[in-house]
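Structure file start.tsv with TSV, C-alpha atoms:
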chain	number	residue	atom	x	y	z
A	255	MET	CA	2.40	10.72	-24.81
A	256	SER	CA	-0.37	11.22	-22.26
A	257	ALA	CA	0.42	12.08	-18.67
A	258	ARG	CA	0.45	9.20	-16.24
A	259	LYS	CA	-1.93	9.18	-13.35
A	260	VAL	CA	-1.10	8.53	-9.72
A	261	TYR	CA	-3.52	6.43	-7.71
A	262	ILE	CA	-4.10	6.38	-3.99
A	263	TYR	CA	-5.47	2.90	-3.41
A	264	GLY	CA	-6.78	0.79	-0.60
A	265	LEU	CA	-6.58	-2.93	0.00
A	266	CYS	CA	-9.80	-4.28	1.50
A	267	ASP	CA	-10.01	-7.33	3.66
A	268	PRO	CA	-12.25	-9.81	1.80
A	269	GLU	CA	-13.69	-11.09	5.10
A	270	SER	CA	-14.50	-7.82	6.88
A	271	GLY	CA	-14.79	-5.50	3.87
A	272	LEU	CA	-12.64	-2.95	5.71
A	273	ILE	CA	-9.70	-1.15	4.16
A	274	ARG	CA	-6.55	-2.49	5.82
A	275	TYR	CA	-3.84	-0.77	3.76
A	276	ILE	CA	-3.53	2.51	1.86
A	277	GLY	CA	-0.80	3.14	-0.71
A	278	LYS	CA	0.19	5.01	-3.85
A	279	SER	CA	1.05	3.65	-7.28
A	280	ILE	CA	1.00	4.51	-10.96
A	281	ARG	CA	0.16	0.83	-11.61
A	282	PRO	CA	-2.04	-0.30	-8.70
A	283	VAL	CA	-2.93	-3.74	-10.10
A	284	GLU	CA	0.77	-4.54	-10.56
A	285	ARG	CA	1.47	-3.11	-7.12
A	286	LEU	CA	-1.09	-5.45	-5.57
A	287	SER	CA	0.66	-8.38	-7.24
A	288	ASN	CA	3.98	-7.18	-5.79
A	289	HIS	CA	2.43	-6.89	-2.33
A	290	MET	CA	1.09	-10.45	-2.59
A	291	ASN	CA	4.58	-11.76	-3.43
A	292	ASP	CA	6.42	-9.78	-0.74
A	293	HIS	CA	8.26	-12.03	1.73
A	294	GLY	CA	8.90	-9.36	4.36
A	295	THR	CA	7.77	-9.34	7.96
A	296	CYS	CA	5.88	-6.06	8.34
A	297	HIS	CA	2.22	-5.79	9.38
A	298	ARG	CA	1.06	-5.59	5.74
A	299	THR	CA	2.92	-8.70	4.61
A	300	ASN	CA	1.81	-10.66	7.68
A	301	TRP	CA	-1.82	-9.71	6.98
A	302	LEU	CA	-1.52	-10.60	3.28
A	303	ARG	CA	0.19	-13.89	4.14
A	304	SER	CA	-2.69	-14.76	6.49
A	305	LEU	CA	-5.13	-14.15	3.62
A	306	LYS	CA	-3.09	-16.29	1.21
A	307	ILE	CA	-3.12	-19.17	3.70
A	308	LYS	CA	-6.94	-19.01	3.59
A	309	GLY	CA	-6.93	-18.85	-0.22
A	310	LEU	CA	-8.07	-15.21	-0.15
A	311	LYS	CA	-6.84	-11.99	-1.74
A	312	PRO	CA	-7.61	-8.38	-0.83
A	313	THR	CA	-9.84	-6.27	-3.03
A	314	LEU	CA	-8.16	-3.29	-4.65
A	315	VAL	CA	-10.11	-0.03	-4.46
A	316	ILE	CA	-9.04	3.27	-6.00
A	317	LEU	CA	-9.55	5.99	-3.41
A	318	GLN	CA	-8.27	8.91	-5.47
A	319	GLU	CA	-6.85	9.52	-8.94
A	320	LEU	CA	-4.38	12.37	-9.37
A	321	PRO	CA	-2.39	13.83	-12.25
A	322	GLU	CA	1.25	12.73	-12.27
A	323	ASN	CA	2.53	16.10	-11.04
A	324	ALA	CA	0.00	16.44	-8.19
A	325	ALA	CA	0.98	16.44	-4.53
A	326	TRP	CA	0.16	12.75	-4.07
A	327	GLN	CA	2.15	12.68	-0.83
A	328	ASP	CA	-0.40	14.97	0.83
A	329	ALA	CA	-3.27	12.92	-0.56
A	330	GLU	CA	-1.81	9.64	0.70
A	331	LYS	CA	-1.17	11.11	4.15
A	332	ALA	CA	-4.71	12.51	4.25
A	333	TRP	CA	-6.25	9.14	3.31
A	334	ILE	CA	-4.22	7.29	5.94
A	335	ALA	CA	-5.16	9.87	8.58
A	336	TYR	CA	-8.80	9.61	7.49
A	337	GLY	CA	-8.67	5.82	7.74
A	338	TYR	CA	-7.33	5.97	11.28
A	339	SER	CA	-9.96	8.58	12.22
A	340	GLN	CA	-12.66	6.21	10.97
A	341	GLY	CA	-11.28	3.32	12.98
A	342	TRP	CA	-10.05	1.34	9.99
A	343	PRO	CA	-7.62	-1.37	11.18
A	344	LEU	CA	-4.80	-0.19	8.92
A	345	VAL	CA	-1.54	-2.12	8.68
A	346	ASN	CA	0.43	0.82	7.24
A	347	ASN	CA	3.91	1.17	8.78
A	348	THR	CA	4.11	4.93	8.24
A	349	SER	CA	1.83	7.93	7.97
A	350	GLY	CA	2.48	7.96	4.20
A	351	GLY	CA	3.94	10.53	1.87
A	352	ASP	CA	6.96	8.88	0.32
A	353	GLY	CA	6.61	5.22	1.03
A	354	VAL	CA	9.82	4.82	2.98
A	355	CYS	CA	9.78	7.68	5.51
A	356	GLY	CA	10.49	6.48	9.02
A	357	LEU	CA	11.13	2.85	8.08
A	358	PRO	CA	13.65	0.84	10.09
A	359	GLU	CA	17.06	0.32	8.46
A	360	GLU	CA	16.36	-3.42	7.97
A	361	THR	CA	13.16	-2.66	6.04
A	362	ARG	CA	14.87	-0.04	3.86
A	363	ARG	CA	17.68	-2.51	3.09
A	364	ARG	CA	15.16	-5.22	2.13
A	365	ILE	CA	13.28	-2.81	-0.16
A	366	ALA	CA	16.53	-1.76	-1.82
A	367	GLN	CA	17.49	-5.41	-2.41
A	368	THR	CA	14.22	-6.13	-4.22
A	369	TRP	CA	15.11	-3.48	-6.81
A	370	VAL	CA	18.61	-4.93	-7.49

Give the structure from this file in structure tokens form.
Amino acid sequence: MSARKVYIYGLCDPESGLIRYIGKSIRPVERLSNHMNDHGTCHRTNWLRSLKIKGLKPTLVILQELPENAAWQDAEKAWIAYGYSQGWPLVNNTSGGDGVCGLPEETRRRIAQTWV
């Protein structure tokens, strides 16, 4: 069995062309679908909901491809920091690294419920 890859990806606003969200996934296309069906109330879901209302969808871009055992946390943090340094209007809730670091209890509870 071949080693899985880890992807650091961006979601681009179809109107501005700017990256608005940076994340990590082993299945980024599936992850985008999950994002589009999220019913939460964070910045990312509000932005995606506003696109859906207009009949739009973000463009998925792969920013970096890493081997499964690589330090993807550092890469994700670096990409998010880079995005902010470039003035990208990111809707990330955290600085990255593990996907749930620093999230409010309500958000962590909602994420846990989606996996039940």

Requested in this report: Name the closest residue to A:Arg274 among the candidates A:Pro312, A:Leu305, A:Gln318, A:Thr348; distances are taken between atoms, counting all atoms listed in the file.
Outcome: A:Pro312

Report task. Check the smallest atom-to-atom distance from each of A:Asn288, A:Ser279, A:Ser304, A:Thr313 to A:Cys266 using all atoms listed in the file, then report the winner. Result -> A:Thr313

Query raised in the report: Hey, what's within 12 Å of A:Asn300 if we count all atoms listed in the file and toss same-chain stuff fewer than 4 positions away? As an MDAnalysis selection string, please?
Result: chainID A and resid 274 289:296 304:307 345:346

Report task. Take atom CA of A:Trp342 and atom CA of A:Asp328 and report the distance between them in Å, one decimal. Result -> 19.0 Å

Report task. May I ask for the distance between atom CA of A:Lys331 and atom CA of A:Thr299, given in Å to one decimal place? Result -> 20.2 Å

Query - Counting only C-alpha atoms, the option among A:Gly337, A:Gly351, A:Pro282, A:Pro343 closest to A:Leu314 - result: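 Comparing A:Gly337, A:Gly351, A:Pro282, A:Pro343 against A:Leu314, the winner is A:Pro282.
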
Report task. For A:Tyr338, list every protein, DNA or RNA residue within 10 Å, evaluated using only C-alpha atoms, and leave out those in the same chain fewer than 6 positions away; present the list as a list in words. Result ->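 Residues meeting the cut-off are Ala332, Leu344 and Ser349 of chain A.
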
Per-axis box centre and lengths in Å around stretch 256-265 of chain A, 8 Å margin per side, axis-aligned, as JSON:
{"center_x": -3.2, "center_y": 4.6, "center_z": -11.1, "size_x": 23.2, "size_y": 31.0, "size_z": 38.3}

Query raised in the report: So what do you get for atom CA of A:Trp333 versus atom CA of A:Ile276, distance-wise?
Result: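 So the two atoms, atom CA of A:Trp333 and atom CA of A:Ile276, lie 7.3 Å apart.
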
Requested in this report: Considering only C-alpha atoms, state which residue in the set A:Ala324, A:Ala329, A:Val315, A:Leu286 is at the smallest distance from A:Lys259.
Outcome: A:Ala324

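At a cut-off of 6 Å from (-5.1, 5.2, -3.6), the residue set is A:Tyr261, A:Ile262, A:Tyr263, A:Gly264, A:Gly277, A:Lys278, A:Ile316, A:Leu317, A:Gln318 (counting all atoms listed in the file).
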
Query - Shortest interatomic distance to A:Leu272 - which of A:Asn347, A:Glu330, A:Gln340, A:Asn323, counting only C-alpha atoms - result: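 Checking each of A:Asn347, A:Glu330, A:Gln340, A:Asn323 against A:Leu272, counting only C-alpha atoms, the winner is A:Gln340.
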